[in-house]
Structure formats: C-alpha cells, structure tokens
file model_2.txt (compact mmCIF, C-alpha atoms)
# COMPACT_ATOMS: atom_id res chain seq x y z
CA MET A 1 147.60 67.10 75.58
CA ALA A 2 148.30 68.24 72.04
CA ALA A 3 149.88 71.66 71.66
CA PRO A 4 147.49 74.49 70.63
CA GLY A 5 148.92 74.80 67.13
CA GLU A 6 149.33 71.09 66.45
CA TYR A 7 147.86 69.77 63.24
CA PHE A 8 147.61 66.22 61.92
CA SER A 9 147.72 65.45 58.22
CA VAL A 10 145.39 62.80 56.83
CA GLY A 11 147.40 59.66 56.16
CA SER A 12 149.98 60.29 58.89
CA GLN A 13 150.80 57.58 61.42
CA VAL A 14 150.17 58.78 64.97
CA SER A 15 150.67 57.25 68.40
CA CYS A 16 148.74 58.53 71.44
CA ARG A 17 148.79 57.78 75.14
CA THR A 18 145.51 58.44 76.91
CA CYS A 19 145.04 59.65 80.46
CA GLN A 20 144.28 56.02 81.34
CA GLU A 21 147.74 55.02 80.08
CA GLN A 22 146.29 53.27 77.04
CA ARG A 23 148.46 53.37 73.93
CA LEU A 24 146.64 53.98 70.63
CA GLN A 25 148.29 53.95 67.24
CA GLY A 26 146.88 54.30 63.75
CA GLU A 27 146.50 56.27 60.56
CA VAL A 28 144.87 59.70 60.68
CA VAL A 29 141.64 59.75 58.68
CA ALA A 30 140.27 63.02 60.04
CA PHE A 31 141.14 65.79 62.50
CA ASP A 32 138.90 68.59 63.76
CA TYR A 33 140.97 71.35 65.31
CA PRO A 34 138.20 73.27 67.19
CA SER A 35 136.98 70.18 69.05
CA LYS A 36 140.42 68.49 69.17
CA MET A 37 138.88 65.25 67.87
CA LEU A 38 141.21 62.89 66.05
CA ALA A 39 139.98 59.88 64.02
CA LEU A 40 142.44 57.01 63.71
CA LYS A 41 142.23 53.99 61.43
CA CYS A 42 143.56 50.91 63.24
CA PRO A 43 143.79 47.19 62.43
CA SER A 44 140.46 45.43 62.86
CA SER A 45 139.91 44.03 66.36
CA SER A 46 137.99 41.16 64.72
CA GLY A 47 141.06 40.13 62.73
CA LYS A 48 139.10 40.11 59.48
CA PRO A 49 141.06 41.11 56.37
CA ASN A 50 140.04 44.28 54.53
CA HIS A 51 138.42 45.56 57.74
CA ALA A 52 139.56 48.28 60.11
CA ASP A 53 138.53 49.95 63.36
CA ILE A 54 137.97 53.70 63.44
CA LEU A 55 138.79 55.23 66.83
CA LEU A 56 137.68 58.72 67.83
CA VAL A 57 140.22 60.25 70.19
CA ASN A 58 139.54 63.38 72.25
CA LEU A 59 142.97 65.01 72.51
CA GLN A 60 141.89 66.83 75.66
CA TYR A 61 142.23 63.45 77.40
CA VAL A 62 145.53 62.50 75.80
CA SER A 63 148.78 63.00 77.71
CA GLU A 64 151.16 62.32 74.84
CA VAL A 65 151.01 62.45 71.05
CA GLU A 66 153.76 61.29 68.72
CA ILE A 67 153.76 61.59 64.94
CA ILE A 68 155.48 58.42 63.74
CA ASN A 69 155.26 59.13 60.02
CA ASP A 70 154.05 62.52 58.78
CA ARG A 71 152.35 62.48 55.39
CA THR A 72 152.87 65.62 53.35
CA GLU A 73 151.46 64.66 49.94
CA THR A 74 147.80 65.11 49.12
CA PRO A 75 145.80 62.13 50.44
CA PRO A 76 143.71 60.07 48.02
CA PRO A 77 140.01 60.97 47.75
CA LEU A 78 137.70 59.35 50.27
CA ALA A 79 135.70 56.36 49.12
CA SER A 80 132.10 57.12 48.26
CA LEU A 81 129.50 55.98 50.78
CA ASN A 82 126.25 54.23 49.97
CA VAL A 83 124.07 56.57 52.01
CA SER A 84 120.89 54.65 51.24
CA LYS A 85 122.42 51.38 52.45
CA LEU A 86 123.72 53.01 55.63
CA ALA A 87 120.31 54.58 56.31
CA ASN A 88 118.56 51.24 55.86
CA LYS A 89 121.04 49.55 58.20
CA ALA A 90 120.57 52.26 60.83
CA ARG A 91 116.78 51.98 60.56
CA THR A 92 116.90 48.19 60.88
CA GLU A 93 119.16 48.34 63.93
CA LYS A 94 116.90 50.96 65.53
CA GLU A 95 113.82 48.79 64.97
CA GLU A 96 115.58 45.77 66.49
CA LYS A 97 116.64 47.74 69.57
CA MET A 98 113.15 49.17 70.04
CA SER A 99 111.65 45.69 69.68
CA GLN A 100 114.04 44.33 72.27
CA ALA A 101 113.29 47.22 74.64
CA TYR A 102 109.54 46.59 74.25
CA ALA A 103 109.96 42.90 75.05
CA ILE A 104 111.91 43.68 78.22
CA SER A 105 109.40 46.31 79.38
CA ALA A 106 106.51 43.91 78.69
CA GLY A 107 108.10 41.27 80.90
CA VAL A 108 108.78 38.76 78.13
CA SER A 109 110.93 35.84 79.28
CA LEU A 110 114.50 35.45 78.09
CA GLU A 111 113.45 32.41 76.06
CA GLY A 112 110.80 34.51 74.32
CA GLN A 113 113.30 37.24 73.48
CA GLN A 114 115.78 34.69 72.12
CA LEU A 115 113.10 32.97 70.04
CA PHE A 116 111.99 36.30 68.57
CA GLN A 117 115.57 37.10 67.53
CA THR A 118 115.97 33.64 66.00
CA ILE A 119 112.79 33.93 63.95
CA HIS A 120 113.55 37.52 62.93
CA LYS A 121 116.86 36.45 61.36
CA THR A 122 114.98 34.56 58.64
CA ILE A 123 111.53 36.16 58.71
CA LYS A 124 111.59 39.95 58.94
CA ASP A 125 107.80 40.20 59.21
CA CYS A 126 107.89 39.44 62.91
CA LYS A 127 106.56 41.64 65.71
CA TRP A 128 105.36 41.70 69.30
CA GLN A 129 101.69 41.82 70.31
CA GLU A 130 101.84 42.21 74.07
CA LYS A 131 103.76 39.02 75.05
CA ASN A 132 102.85 37.14 71.86
CA ILE A 133 105.07 36.84 68.80
CA VAL A 134 103.19 37.48 65.56
CA VAL A 135 104.82 36.14 62.40
CA MET A 136 103.69 37.26 58.94
CA GLU A 137 100.31 38.28 60.42
CA GLU A 138 99.41 34.57 60.23
CA VAL A 139 101.07 32.76 63.12
CA VAL A 140 100.85 33.69 66.81
CA ILE A 141 103.28 32.22 69.34
CA ALA A 142 102.13 32.60 72.94
CA PRO A 143 104.18 32.04 76.12
CA PRO A 144 105.95 29.78 76.96
CA TYR A 145 106.81 29.82 73.23
CA GLN A 146 106.89 26.06 72.63
CA VAL A 147 105.87 24.33 69.40
CA GLU A 148 102.39 23.66 70.77
CA ASN A 149 101.98 27.40 71.44
CA CYS A 150 102.18 28.19 67.71
CA LYS A 151 98.64 28.94 66.51
CA GLY A 152 97.36 29.84 63.08
CA LYS A 153 95.77 28.53 59.93
CA GLU A 154 97.17 25.15 58.94
CA GLY A 155 99.50 25.61 56.01
CA SER A 156 103.08 26.28 54.95
CA ALA A 157 103.49 29.37 57.15
CA LEU A 158 102.45 27.62 60.36
CA SER A 159 104.49 24.54 59.48
CA HIS A 160 107.59 26.63 58.77
CA VAL A 161 107.33 28.60 62.02
CA ARG A 162 106.79 25.41 64.04
CA LYS A 163 109.93 23.97 62.50
CA ILE A 164 111.96 27.06 63.44
CA VAL A 165 110.64 26.92 67.01
CA SER A 166 111.37 23.20 67.27
CA VAL A 167 114.94 23.59 66.04
CA ALA A 168 115.53 26.62 68.27
CA TRP A 169 114.36 24.88 71.44
CA GLY A 170 116.36 21.77 70.63
CA HIS A 171 119.50 23.90 70.23
CA TRP A 172 118.93 25.73 73.52
CA VAL A 173 118.35 22.52 75.44
CA CYS A 174 121.62 21.11 74.07
CA TRP A 175 123.58 24.21 75.06
CA GLU A 176 122.06 24.33 78.52
CA GLY A 177 123.02 20.75 79.24
CA GLY A 178 119.48 19.38 79.12
CA THR A 179 117.88 22.03 81.32
CA ALA A 180 114.41 20.86 80.35
CA LEU A 181 115.23 17.31 81.41
CA GLY A 182 117.94 17.89 83.95
CA THR A 183 119.76 14.58 83.43
CA LEU A 184 122.43 13.17 81.15
CA LEU A 185 119.87 10.62 80.01
CA GLY A 186 117.68 13.50 78.93
CA TRP A 187 120.64 15.07 77.14
CA ALA A 188 121.22 11.85 75.20
CA SER A 189 117.59 11.69 74.12
CA VAL A 190 117.34 15.33 73.07
CA CYS A 191 120.77 15.58 71.46
CA PRO A 192 121.65 12.12 70.13
CA GLY A 193 125.23 11.83 68.97
CA GLN A 194 126.25 15.11 70.58
CA PRO A 195 129.07 15.29 73.18
CA LEU A 196 128.11 15.61 76.82
CA PRO A 197 127.84 19.18 78.12
CA SER A 198 130.80 20.79 79.85
CA PRO A 199 130.50 21.54 83.60
CA ASP A 200 129.89 25.22 82.86
CA PRO A 201 128.03 25.55 79.52
CA PRO A 202 127.04 28.99 78.22
CA PRO A 203 124.01 30.26 80.22
CA ALA A 204 122.05 31.29 77.13
CA LEU A 205 122.17 31.41 73.37
CA VAL A 206 122.69 34.97 72.11

call {"tool": "encode", "arguments": {"input": "model_2.txt", "output": "structure tokens"}}
result
Amino acid sequence: MAAPGEYFSVGSQVSCRTCQEQRLQGEVVAFDYPSKMLALKCPSSSGKPNHADILLVNLQYVSEVEIINDRTETPPPLASLNVSKLANKARTEKEEKMSQAYAISAGVSLEGQQLFQTIHKTIKDCKWQEKNIVVMEEVVIAPPYQVENCKGKEGSALSHVRKIVSVAWGHWVCWEGGTALGTLLGWASVCPGQPLPSPDPPPALV
C-alpha cells in the first residue's frame, strides 16, 4: 500500500500492482489523498485512436506502487466538458436501462426485447405498453412481434415500422441458422446468397 505521505503529481507515469497481482500502468490524471483514490489514464482497451481508459485505483488494495516518471512542471489545464451533452447521454442511458428492466419484469420475450432495441436505434419515440411495443403513438406491435402483429393506421409510419420488423427478423433467422425453419433448405430460402451457418452460431443478436 502507498506510504502515508505519498503524493502523485498529475502527469506522472505510475505503475501499480493490485492485491490480485494485476499490474496497472498509466498517467496520473487525479489523486485524492484522504480517500487514497488514484485515477490513471491508460491506452484504450478498444484500440481506437484518440481514446483512453480511465482507471480508478483504490491504493488501500494496492501492494506496490512505482513512480516511473515523476512530472514536476505544472500540468496543462483540463479540457472543458460539455456538461449538457453528458447530462443528456446519462439521461438517455438511464431511460434505456429502465425500459429494459420493465420489459424483463413484464415477461417480454427475448425476441421482443431485441426488436425494441432495434427499433429504438432509429426511432426514439418508442415505448412499452404492457407487452406491446408502441412506436410514435401510431403503431402497436403485439407478441410475438412479427410483421403481421404490427397494427395501426395505414400510412408511412406503419409501412416503415413493418419494414424494420421484417428486416430485423430476417437478420435474426440468418444468425440463428434458420431457427424458424430448422433446415438448411429453410436457410437458403430465408437468406439467399448467404454462407451456411457455422455449427455454433451466436445464440442471439445483441
């Protein structure tokens, strides 16, 4: 564990070994002495350029700390944050999680949950009404969420939703190796020109 008087300068390169023998290394972006919390900026785990991972390390659970390169000069000012954008993102993510939790508690099938997520990616005005999916207050999709279960006033909205549902179900059937048909002949008819499914295809589209 870090010594009582140890301090980490922002911008320094630090290496830590946790109590689980995991080695962490990165640039110090923040350090709170009272709580012994250290924030490290590390290369992005996604491999994307101009991205980084921020790790919060509790030094009470660290067995070894090594300062690789101590920075003594004044660090550059922190980049300004778009608080409004962050708040909107947090609110959107909260709404999506609550919607997903509602669907699970209501006993909605996995296919229904997947279809809701697919529709919501392009049409934000999408909500649950018991086990039904309501889109733009105009189209209602009832279980088992097939094209024929899309009900509403004939028009562009209903036609657009039916198209999304049709494409979504076709994609799922392809990934699941023709689950709806259960044969390679069925696969060929549903997914013409597509390669045959592998022995162990992904169980579901996320």

call {"tool": "closest_atom_pairs", "arguments": {"input": "model_2.txt", "of": "region 38-117 of chain A", "to": "region 125-133 of chain A", "cutoff": "8 Å", "atoms": "only C-alpha atoms", "output": "tab-separated table"}}
result
residue	atom	partner	partner_atom	distance
A:Ser99	CA	A:Trp128	CA	7.5
A:Ala103	CA	A:Lys131	CA	7.3
A:Ala106	CA	A:Lys131	CA	6.7
A:Gly107	CA	A:Lys131	CA	7.6
A:Val108	CA	A:Lys131	CA	5.9
A:Phe116	CA	A:Ile133	CA	6.9

call {"tool": "atom_distance", "arguments": {"input": "model_2.txt", "atom1": "CA of Tyr33 (chain A)", "atom2": "CA of Leu59 (chain A)"}}
result
9.8 Å

call {"tool": "atom_distance", "arguments": {"input": "model_2.txt", "atom1": "CA of Cys42 (chain A)", "atom2": "CA of Leu24 (chain A)"}}
result
8.6 Å

call {"tool": "atom_distance", "arguments": {"input": "model_2.txt", "atom1": "CA of Glu64 (chain A)", "atom2": "CA of Glu27 (chain A)"}}
result
16.2 Å

call {"tool": "residues_near_point", "arguments": {"input": "model_2.txt", "point": "(109.1, 30.7, 65.1)", "cutoff": "12 Å", "atoms": "all atoms listed in the file", "output": "MDAnalysis selection string"}}
result
chainID A and resid 111:127 132:136 138:142 145:152 157:169

call {"tool": "residues_around", "arguments": {"input": "model_2.txt", "residues": "Phe31 (chain A)", "least_positions_apart": "6", "cutoff": "8 Å", "atoms": "only C-alpha atoms", "output": "mmCIF file with C-alpha atoms, keeping the file's coordinate frame"}}
result
data_model
loop_
_atom_site.group_PDB
_atom_site.id
_atom_site.type_symbol
_atom_site.label_atom_id
_atom_site.label_comp_id
_atom_site.auth_asym_id
_atom_site.auth_seq_id
_atom_site.Cartn_x
_atom_site.Cartn_y
_atom_site.Cartn_z
ATOM 1 C CA TYR A 7 147.860 69.770 63.240
ATOM 2 C CA PHE A 8 147.610 66.220 61.920
ATOM 3 C CA SER A 9 147.720 65.450 58.220
ATOM 4 C CA VAL A 10 145.390 62.800 56.830
ATOM 5 C CA MET A 37 138.880 65.250 67.870
ATOM 6 C CA LEU A 38 141.210 62.890 66.050
ATOM 7 C CA ALA A 39 139.980 59.880 64.020
#

call {"tool": "residues_around", "arguments": {"input": "model_2.txt", "residues": "Ile67 (chain A)", "least_positions_apart": "4", "cutoff": "7 Å", "atoms": "only C-alpha atoms", "output": "PyMOL selection string"}}
result
chain A and resi 13-15

call {"tool": "axis_aligned_box", "arguments": {"input": "model_2.txt", "around": "region 28-47 of chain A", "padding_each_side": "4 Å", "output": "lines of an AutoDock Vina configuration file"}}
result
center_x = 140.9
center_y = 56.7
center_z = 63.9
size_x = 15.9
size_y = 41.1
size_z = 18.5
